[in-house]
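Worksheet for the structure shown next.
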Amino acid sequence: MRRFTYIAPTSREDAFSAFAAAGEGARWVAGGTNIYDLMKLDIERPAHLIDVTAIEGLDAIETGGEMLRFGTNARMADVAANETILRDYPVLSESLWKAASQQLRNMATVGANLLQRTRCLYFRNGAGGASGGAVIYPCNRREPGSGCAAIGGIDRGQAVLGASANCTAVSPGDWPVALTAMDAQVELAGPQGARAIPIAELYRLPGETPQIEFTLGDGEMITGISVPKTRAGRRSTYHKVRDRESYAFALASAAVALDMDGDTIRKAHVALGGVATVPWRSPEAEAVLAGKPLTEGLAEKAARAAFAEAKAGKLNGYKIDLGIRTLVDALSIAAERNS
Amino acid sequence: MAHAMLVPARIAKGRVTSVDTGAASAVPGVLRVLTAKDYPAPPETDENGPPPPPPTILDAIAYRGQPIALVVAETIEAAIEGAEAVTARYAEEAFASKIDSKGAVREETEPREAGDGTRALADAATRIDQRYVTPTQHHNPIELIATSARLTDGKLRIHESSQYSSGVRGAVARSLGYDPATIEADSSYIGGGFGQKGSLYGYSAIVAHAARLIRRPVKLVVPRSQIFHQATFRPEAHHHVQLGADTGGKMVAAVYHAEHEQSRAGQFPPSDYHEATSRLYDIPNYQGTAANIRLDRNDPGYMRCPHPHPSCFAFESAVDELAIELGRDPVEFRLANDGMTDVLTGKPYSSKFMAECLREGARRFGWDRRTAEPGSMRSPSGGSIGWGVAVAAYPSMMVPSIGTLRVYANGRTTYSISGHEMGQGIRTSIANVLVQGLGIDPDKLEISVGNTATAPQHITAGSWGSAGAIPTTAQAVSRMQSALKQLLGGRTPRGDIHRRLASTKRPYLEVQASALGPGQDASALESLRQGGYAVAGPEYPAFTTMSYIAHFVEVEVEPRLRRVRMPRVVSVADCGRVISPRTARSQIIGGVVWAFGSALREGTEIDPRYAGYLNCDLADYVVPVNADIGEIEVDLINEPDPLANSMGLKGLGEVVMAGASAAIANAIHHATGKRIRHMPIRIEDML
C-alpha cells in the first residue's frame, strides 16, 4: 500500500489536464474493481489516480444507430441487462453476466474492463504486497527481465495459445473475447486527439515484452466501444467453462456468432478466452465453417483448427481438449438459437 | 487503538541475519517496528508442564511467511505501508516442501490394530489394493483471524478470534512472563472457527507485547494471504487402503496406511486417520499404520472433520470398489458388514444407528430405482447420472464445563459457561435448554461463552461443544428449579419464574452447575480451571461412542464438457438426541457443502521451488458458490445415546462432512465408470 492522490474531474478537458499535471505515476481509474485490488497486491503503484467515471456523457448505451455503441463508463450490469443486447446479441450479454459477481458488475465499466490485467498466480501473488503471499516470484510482466515462474511451475491456468518464452499469462476477460468475435472498435482519446482502432489492435502478444500489454499511448483513455450490427448476433453465445458455476475466470471459453443461410453458415465469428494470452480470434475455425452446413463433425474440425498451434506446459494440456469441446458446444448452442 | 501488521519471512528455511526497519519507521504514522530482539526469549519448558507456547518473533526461520517483524501504526494503511517497507537479509538453507521433496523425513507413528490384518488380507478371497490422495486445504472462514490487546487497571485484556480463549491466555502468559490471573481473553464472537481458530498462534503474544511497549491498545487483523502461510491447515495425505473379503462377501481384513504432510515439530497426529475407519464395519482384522512426512512448512492442524474426512474419502471409495468387485449393491454390502463392537478396544458402542441412517437415507433417496451398471442412468438432457453412497463416523467426545446461571426478579436471565460460539450455534442450543426448562423470555436472556472472565474455558473443537455445554446447562436448569422451590418453602405463587422469585424479595437467584465426561473425575474440572486439555472419549471406560452418517449423492455429468453437477443429496445422521433441530440441520447442510467443495473444488497449491502457497486468496482458492449446490435433504435419527452423557447427545458438527466426498466420487464412478482416487476432482480429471 502506497500513498496516492485521487481526483474525479467532470469533463474530458479537466481529466486530460489533470493527467498531464500529475506527471509520473498518473493512472486512470473507473470502477476500480481491478486496479484497487492490484494496488493492495503492490503490483500497480500509481501516485495519482484520476477517476473517469464522473466525466459527463461517457456512459451511454446506444442501440438505435448503424452500430451498437457503449460509452466507456456504461456499467457491465447495465449493458448485460439491456433488452436489445439480451435479445439480439446474447454473446455480448452472456460475456458480461458470466463475469465476476453482480456487485462487481454494478461497479465495473465496459471500457475499463478491456484493460483488466491477468490472473496469473505468479503475477498476482509475487509482488510483495501485504495481501499477496510470502513469495517474491520472478515475473517478466511485473519486473521485466526477472524471468517467468509460471513456466515450469504450477501452470494449470496458463495459456496454450499466444504464449512466448517470456510469459504464458492468460488474458482474463470475457467481454473482450465477445467483442473480438464481433469485430468491435475501441474509441480512444488522448492529449493528441481521438482515434478508433479494431479491438484486436488494443492487445499485444507477450513476445519479448510481456510488460507492454496494450497499445494505448501515454495519457490515452478508452472513451467508448462500437460494434457493427449483424444478424449473426441473434445466433450467438458466450460459452464459459470454469472451476465453479459462477464467480470465476474462464478455464476455456468461446464466443460464437453465426450468420446462417438455412443450414449453411454464411459467416462465422469465433473467438476464444481463457486459453490465450490475448482475446483470441480464430480465423482458422471461421474458415473451416464458412459456406458449409453445421454438423458435429464440422464443428469438431473447426475447433481442432482453432487449437492447431496450441502448446501445452506441464499441467495445462487439458485446456486444448477442453477448449475444443467448449467451442464445439458453443457452435451447437449458437446454431440452435432463432435468428 | 493502534493497528499492526506482520512482516512475513521471504525464505522457507534459514536465519534472519538483519532486518532494516529504517524505511518502515520513516513512514508517517508508524509508531514502532518490533523485531526478534524486542521479544523475550522463548520460555523454558519442562516435560510435565504445559506444552511450549507458539514462538513470537524469532530469527530462526522454519517456514515461509513466519513473522520477522511487527509494524505498529496509527492507521491500518500506515501499518501496511510500513510492513511492506521492512527489508531483511537472510542466510537461506535448503528446504523440503512436498511429500516427495528431497529432505522430507518419514516418521512412523503408533499403529492402531485389531486381530492380524496382514494375514487375514493374505487369506481373503477378494481383495482391493488402492492408493488415494487428499489435498492440502485451508479453512478460509470469511472472518479473518485477529487479535487485539489492551492494558488497563493492571490487567491485559485480549480480544481474539479463538476457539480456545484460555489457551490464548496461557500462551501469552508464558511467552511474556505474565501471571495468567492478570490476563482476560475474550472470544465471545469469532466468526467461523472450523479448527483453524482452535490453534494457538504466536501473534497473540506478539501483539500483546506491542501493546505493553507502546502503552496503547493494539489490533491485528491477519490478511488472508498471510493466514495461508501462518495458520494451521489440512495437510495433504496419502492413503494406501487394502481390503479383503471372505468367500461369503464379509469384510475380514483392512490394512490401511496413511501418511501426511507435517512440519518439523508439528503434533497433528496421523494415527487418527484410523479413528473412524476402524469403527464403521465389523472388520475383525484391522491394521492401521501411519506416518508423518516432516517438511519445512508451517504446522498443519485441525480443519473441520480433520481425520475422518480424508480417511473416509479413501476408505469408503475402497469399500465401494470392493462392493463392485463382489457384485454387491453398495448399500446392502455396507449393511451386511455392520457391527456393534469397537474392534480396537473390544468394547461395545454406547449407541450406533449407522444401519438406520443407511436404510432411511436409501428410502428417502429412492435408492431401489438405481441400476447397478456404470453409465446406465441418463438425464433428459443426455447427461450421465450417477448415484453414490458412503457412510462415515466421528468420535463423540466430552469435555468438562462449568456454568453459572442467574435468574433476576426483574425478568432478566444471565448465563455464563465454558464453550465457544464459532458459527455452530452453541448459544442457540444453550438457549433452547434454558428457555424450555425455565420458561424464560429469550429476548431477556444473556449468554456469555468464550470469555475467560466469566467462566473457565476449554478449547471448543472436535464436535464436543454441545456435549460440553448442554448437560451442564440442563443441570443448571434443574438446580435453579430446586433452589427456587426451596426458597419458596412450599408456597406456589403465580406467574413466571421471575415473578415467583420477586415474591421472595430477592433481586436474583444464582446456581452453579458442572458436568464431566464418563470416566472423568474432579481432576478434569481442575484441568478446565487451569485452561488445560481435558477431553474424554471416544474410548470411555466401558464403551466407545461415535456419531454416524450416511450420504446419498446424485451427480450429473455433462456429455461433452464433462462438468460434474450435484443436483441432489440425502444425508441422515445419528448424533444421539437432537438438542437444537434447526442448528443441527444447518450443520448437516454446511457439512455437505464443504464436502462438495473438498471433492470438487478446493486445493491449496504449493510450488515446491519456493515452498509458498500460491493460490492464497478467495478468488484462486476455489470454494463452492450457491450456484454449485443442489437440493440437500437432511434427516436425524434422534435416538438418545443411553450412556454418553445425561442428555443422550453425541457430536454432530464434523461427522456431517465425513464420507460425503466419497459418496460424490462413488456417484461419479457410477455415472461414468471412471474411478478417481484423489481430491479435488477437477474438469481435467473428467475429460
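Labeling convention for the C-alpha cells: chains A, B, ... as they appear, residues from 1 per chain, ligands from 1 in order of appearance.
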* Pull out every residue of chain B sitting within 7 Å of chain A, counting only C-alpha atoms, and send them as a PyMOL selection string. => chain B and resi 8-10+64-65+77+80-81+84+223-226+560-561+601+607+612+614-616+624-625+627-628+684
Kindly save the residues from that selection, with N, CA and C atoms included, as a CSV table (one decimal), in the first residue's frame.
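See result31.csv below for the written result:
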chain,number,residue,atom,x,y,z
B,8,PRO,N,6.1,-10.9,6.8
B,8,PRO,CA,6.4,-12.4,6.6
B,8,PRO,C,7.9,-12.6,6.1
B,9,ALA,N,8.4,-13.7,6.6
B,9,ALA,CA,9.8,-14.1,6.1
B,9,ALA,C,9.7,-14.5,4.6
B,10,ARG,N,10.7,-14.1,3.9
B,10,ARG,CA,10.7,-14.3,2.4
B,10,ARG,C,11.5,-15.5,2.0
B,64,ARG,N,8.2,-20.5,5.3
B,64,ARG,CA,8.0,-19.3,4.6
B,64,ARG,C,6.8,-18.5,5.1
B,65,GLY,N,6.9,-17.3,5.4
B,65,GLY,CA,5.8,-16.5,5.9
B,65,GLY,C,5.8,-16.3,7.4
B,77,GLU,N,-3.6,1.5,7.3
B,77,GLU,CA,-2.9,1.8,6.0
B,77,GLU,C,-1.4,2.0,6.3
B,80,ILE,N,0.3,-1.2,7.0
B,80,ILE,CA,0.6,-2.0,5.8
B,80,ILE,C,1.8,-1.4,5.1
B,81,GLU,N,1.7,-0.1,4.9
B,81,GLU,CA,2.8,0.6,4.2
B,81,GLU,C,4.2,0.4,4.9
B,84,GLU,N,5.3,-3.3,4.4
B,84,GLU,CA,5.9,-3.5,3.1
B,84,GLU,C,7.3,-2.9,2.9
B,223,PRO,N,-4.0,-10.6,7.2
B,223,PRO,CA,-4.5,-10.7,5.8
B,223,PRO,C,-4.6,-12.2,5.4
B,224,ARG,N,-5.6,-12.4,4.5
B,224,ARG,CA,-5.9,-13.8,4.1
B,224,ARG,C,-4.6,-14.5,3.6
B,225,SER,N,-3.8,-13.8,2.8
B,225,SER,CA,-2.6,-14.5,2.2
B,225,SER,C,-1.7,-14.9,3.3
B,226,GLN,N,-1.6,-14.1,4.4
B,226,GLN,CA,-0.7,-14.5,5.5
B,226,GLN,C,-1.3,-15.6,6.3
B,560,ARG,N,-20.5,-33.6,-23.2
B,560,ARG,CA,-19.3,-33.2,-23.9
B,560,ARG,C,-18.3,-32.5,-23.0
B,561,LEU,N,-18.8,-31.5,-22.2
B,561,LEU,CA,-17.9,-30.7,-21.4
B,561,LEU,C,-17.5,-31.5,-20.1
B,601,ARG,N,-13.7,-28.9,-5.6
B,601,ARG,CA,-13.2,-27.6,-5.8
B,601,ARG,C,-11.9,-27.2,-5.1
B,607,ASP,N,4.1,-24.4,-4.7
B,607,ASP,CA,5.2,-24.6,-5.7
B,607,ASP,C,6.4,-25.0,-5.0
B,612,GLY,N,6.0,-21.8,-1.0
B,612,GLY,CA,4.9,-20.8,-0.7
B,612,GLY,C,3.6,-21.3,-1.2
B,614,LEU,N,0.4,-20.7,-3.2
B,614,LEU,CA,0.3,-19.9,-4.5
B,614,LEU,C,-1.1,-19.3,-4.6
B,615,ASN,N,-2.1,-20.1,-4.3
B,615,ASN,CA,-3.5,-19.6,-4.6
B,615,ASN,C,-4.1,-19.1,-3.3
B,616,CYS,N,-3.4,-18.1,-2.7
B,616,CYS,CA,-3.8,-17.7,-1.3
B,616,CYS,C,-4.8,-16.6,-1.2
B,624,PRO,N,-17.0,-23.5,-3.0
B,624,PRO,CA,-18.2,-23.6,-3.8
B,624,PRO,C,-19.0,-22.3,-3.7
B,625,VAL,N,-19.8,-22.0,-4.7
B,625,VAL,CA,-20.7,-20.9,-4.7
B,625,VAL,C,-22.2,-21.5,-4.6
B,627,ALA,N,-24.5,-21.4,-6.6
B,627,ALA,CA,-24.9,-22.0,-7.9
B,627,ALA,C,-24.4,-23.4,-8.1
B,628,ASP,N,-23.4,-23.8,-7.2
B,628,ASP,CA,-22.9,-25.1,-7.3
B,628,ASP,C,-23.8,-26.2,-6.6
B,684,GLU,N,-10.2,-31.5,-15.6
B,684,GLU,CA,-9.2,-32.3,-16.4
B,684,GLU,C,-9.3,-33.7,-16.0
Contact table range 198-297 of chain A vs range 88-95 of chain A, cut-off 12 Å, shortest pair per residue, only C-alpha atoms, as a tab-separated table:
residue	atom	partner	partner_atom	distance
A:Val227	CA	A:Leu92	CA	10.1
A:Pro228	CA	A:Tyr89	CA	11.1
A:Lys229	CA	A:Tyr89	CA	9.1
A:Thr230	CA	A:Tyr89	CA	8.9
A:Arg231	CA	A:Asp88	CA	7.7
A:Ala232	CA	A:Tyr89	CA	8.2
A:Gly233	CA	A:Tyr89	CA	4.4
A:Arg234	CA	A:Asp88	CA	4.6
A:Arg235	CA	A:Tyr89	CA	7.9
A:Ser236	CA	A:Val91	CA	5.2
A:Thr237	CA	A:Val91	CA	4.1
A:Tyr238	CA	A:Val91	CA	4.7
A:His239	CA	A:Glu94	CA	8.0
A:Lys240	CA	A:Ser95	CA	8.3
A:Val241	CA	A:Ser95	CA	11.8
A:Phe249	CA	A:Ser95	CA	11.2
A:Ala250	CA	A:Ser95	CA	10.6
A:Ser253	CA	A:Ser95	CA	9.5
A:Ala254	CA	A:Val91	CA	9.4
A:Ala255	CA	A:Val91	CA	6.3
A:Val256	CA	A:Val91	CA	7.0
A:Ala257	CA	A:Val91	CA	7.3
A:Leu258	CA	A:Val91	CA	10.7
A:His269	CA	A:Val91	CA	10.5
A:Val270	CA	A:Val91	CA	10.8
A:Ala271	CA	A:Val91	CA	10.8
A:Leu272	CA	A:Ser95	CA	11.6
A:Gly273	CA	A:Ser95	CA	10.3
Could you write out the selected residues, including N, CA and C atoms, as a PDB file, in the first residue's frame?
ATOM      1  N   VAL A 227     -19.756  -1.589 -31.980  1.00  0.00           N
ATOM      2  CA  VAL A 227     -19.842  -2.950 -32.538  1.00  0.00           C
ATOM      3  C   VAL A 227     -20.746  -2.891 -33.767  1.00  0.00           C
ATOM      4  N   PRO A 228     -20.252  -3.332 -34.933  1.00  0.00           N
ATOM      5  CA  PRO A 228     -21.108  -3.332 -36.124  1.00  0.00           C
ATOM      6  C   PRO A 228     -22.318  -4.224 -35.898  1.00  0.00           C
ATOM      7  N   LYS A 229     -23.473  -3.714 -36.316  1.00  0.00           N
ATOM      8  CA  LYS A 229     -24.669  -4.559 -36.168  1.00  0.00           C
ATOM      9  C   LYS A 229     -24.614  -5.698 -37.175  1.00  0.00           C
ATOM     10  N   THR A 230     -25.065  -6.848 -36.748  1.00  0.00           N
ATOM     11  CA  THR A 230     -25.079  -8.013 -37.635  1.00  0.00           C
ATOM     12  C   THR A 230     -26.183  -8.971 -37.198  1.00  0.00           C
ATOM     13  N   ARG A 231     -26.819  -9.582 -38.182  1.00  0.00           N
ATOM     14  CA  ARG A 231     -27.856 -10.548 -37.807  1.00  0.00           C
ATOM     15  C   ARG A 231     -27.239 -11.809 -37.171  1.00  0.00           C
ATOM     16  N   ALA A 232     -25.920 -11.966 -37.349  1.00  0.00           N
ATOM     17  CA  ALA A 232     -25.254 -13.096 -36.669  1.00  0.00           C
ATOM     18  C   ALA A 232     -25.391 -12.974 -35.147  1.00  0.00           C
ATOM     19  N   GLY A 233     -25.651 -11.741 -34.690  1.00  0.00           N
ATOM     20  CA  GLY A 233     -25.762 -11.532 -33.243  1.00  0.00           C
ATOM     21  C   GLY A 233     -26.817 -12.400 -32.597  1.00  0.00           C
ATOM     22  N   ARG A 234     -27.916 -12.610 -33.316  1.00  0.00           N
ATOM     23  CA  ARG A 234     -29.000 -13.408 -32.696  1.00  0.00           C
ATOM     24  C   ARG A 234     -28.603 -14.860 -32.499  1.00  0.00           C
ATOM     25  N   ARG A 235     -27.843 -15.381 -33.470  1.00  0.00           N
ATOM     26  CA  ARG A 235     -27.370 -16.774 -33.320  1.00  0.00           C
ATOM     27  C   ARG A 235     -25.976 -16.737 -32.695  1.00  0.00           C
ATOM     28  N   SER A 236     -25.953 -16.355 -31.445  1.00  0.00           N
ATOM     29  CA  SER A 236     -24.634 -16.212 -30.827  1.00  0.00           C
ATOM     30  C   SER A 236     -24.680 -16.674 -29.377  1.00  0.00           C
ATOM     31  N   THR A 237     -23.504 -16.969 -28.869  1.00  0.00           N
ATOM     32  CA  THR A 237     -23.419 -17.328 -27.452  1.00  0.00           C
ATOM     33  C   THR A 237     -22.007 -17.080 -26.949  1.00  0.00           C
ATOM     34  N   TYR A 238     -21.926 -16.844 -25.643  1.00  0.00           N
ATOM     35  CA  TYR A 238     -20.629 -16.860 -24.975  1.00  0.00           C
ATOM     36  C   TYR A 238     -20.655 -18.030 -24.003  1.00  0.00           C
ATOM     37  N   HIS A 239     -19.879 -19.034 -24.295  1.00  0.00           N
ATOM     38  CA  HIS A 239     -19.881 -20.285 -23.529  1.00  0.00           C
ATOM     39  C   HIS A 239     -18.625 -20.294 -22.670  1.00  0.00           C
ATOM     40  N   LYS A 240     -18.820 -20.529 -21.380  1.00  0.00           N
ATOM     41  CA  LYS A 240     -17.701 -20.347 -20.445  1.00  0.00           C
ATOM     42  C   LYS A 240     -17.594 -21.526 -19.491  1.00  0.00           C
ATOM     43  N   VAL A 241     -16.421 -22.123 -19.434  1.00  0.00           N
ATOM     44  CA  VAL A 241     -16.172 -23.239 -18.507  1.00  0.00           C
ATOM     45  C   VAL A 241     -15.183 -22.758 -17.447  1.00  0.00           C
ATOM     46  N   PHE A 249     -12.976 -17.050 -13.189  1.00  0.00           N
ATOM     47  CA  PHE A 249     -12.471 -16.770 -14.523  1.00  0.00           C
ATOM     48  C   PHE A 249     -12.541 -18.042 -15.364  1.00  0.00           C
ATOM     49  N   ALA A 250     -12.505 -17.838 -16.686  1.00  0.00           N
ATOM     50  CA  ALA A 250     -12.658 -18.974 -17.599  1.00  0.00           C
ATOM     51  C   ALA A 250     -11.418 -19.857 -17.592  1.00  0.00           C
ATOM     52  N   SER A 253     -13.196 -20.625 -22.828  1.00  0.00           N
ATOM     53  CA  SER A 253     -14.477 -20.052 -23.233  1.00  0.00           C
ATOM     54  C   SER A 253     -14.468 -19.855 -24.739  1.00  0.00           C
ATOM     55  N   ALA A 254     -15.673 -19.713 -25.291  1.00  0.00           N
ATOM     56  CA  ALA A 254     -15.795 -19.486 -26.729  1.00  0.00           C
ATOM     57  C   ALA A 254     -16.909 -18.493 -26.973  1.00  0.00           C
ATOM     58  N   ALA A 255     -16.599 -17.462 -27.772  1.00  0.00           N
ATOM     59  CA  ALA A 255     -17.608 -16.515 -28.244  1.00  0.00           C
ATOM     60  C   ALA A 255     -17.881 -16.861 -29.700  1.00  0.00           C
ATOM     61  N   VAL A 256     -19.152 -17.141 -29.969  1.00  0.00           N
ATOM     62  CA  VAL A 256     -19.515 -17.607 -31.313  1.00  0.00           C
ATOM     63  C   VAL A 256     -20.741 -16.848 -31.794  1.00  0.00           C
ATOM     64  N   ALA A 257     -20.720 -16.403 -33.043  1.00  0.00           N
ATOM     65  CA  ALA A 257     -21.919 -15.843 -33.681  1.00  0.00           C
ATOM     66  C   ALA A 257     -21.968 -16.381 -35.109  1.00  0.00           C
ATOM     67  N   LEU A 258     -23.164 -16.800 -35.529  1.00  0.00           N
ATOM     68  CA  LEU A 258     -23.284 -17.464 -36.841  1.00  0.00           C
ATOM     69  C   LEU A 258     -24.283 -16.717 -37.712  1.00  0.00           C
ATOM     70  N   HIS A 269     -18.356 -16.073 -36.641  1.00  0.00           N
ATOM     71  CA  HIS A 269     -17.463 -15.266 -35.795  1.00  0.00           C
ATOM     72  C   HIS A 269     -17.016 -16.166 -34.638  1.00  0.00           C
ATOM     73  N   VAL A 270     -15.735 -16.351 -34.475  1.00  0.00           N
ATOM     74  CA  VAL A 270     -15.245 -17.244 -33.420  1.00  0.00           C
ATOM     75  C   VAL A 270     -14.084 -16.583 -32.669  1.00  0.00           C
ATOM     76  N   ALA A 271     -14.219 -16.481 -31.380  1.00  0.00           N
ATOM     77  CA  ALA A 271     -13.082 -16.035 -30.558  1.00  0.00           C
ATOM     78  C   ALA A 271     -13.028 -16.890 -29.292  1.00  0.00           C
ATOM     79  N   LEU A 272     -11.831 -17.021 -28.739  1.00  0.00           N
ATOM     80  CA  LEU A 272     -11.604 -17.904 -27.599  1.00  0.00           C
ATOM     81  C   LEU A 272     -11.079 -17.120 -26.395  1.00  0.00           C
ATOM     82  N   GLY A 273     -11.493 -17.549 -25.232  1.00  0.00           N
ATOM     83  CA  GLY A 273     -10.997 -16.943 -23.990  1.00  0.00           C
ATOM     84  C   GLY A 273     -10.482 -18.012 -23.044  1.00  0.00           C
TER      85      GLY A 273
END
* Asked: By how many Å are CA of Asn166 in chain A and CA of Ala96 in chain B apart?
  ->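 Separating CA of Asn166 in chain A from CA of Ala96 in chain B is a distance of 27.5 Å.
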* Asked: Would you give me, as a list in words, the residues in range 326-408 of chain B that DSSP reads as strand (DSSP E)?
  ->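 Output for range 326-408 of chain B, strand (DSSP E) only: Met377, Arg378, Ser384, Ile385, Gly386, Trp387, Gly388, Val389, Ala390, Val391, Ala392, Ala393, Tyr394, Pro395, Ser401, Ile402, Gly403, Thr404, Leu405, Arg406, Val407 and Tyr408 of chain B.
Proximity to Lys444 in chain B was assessed for B:Gly411, B:Gly339, B:Pro400, B:Gly468 counting only C-alpha atoms; the smallest distance is recorded for B:Gly411.
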* To do: Report the residues of range 256-479 of chain B whose backbone DSSP state falls under helix (DSSP H, G or I), written as a count of residues only.
  => 79
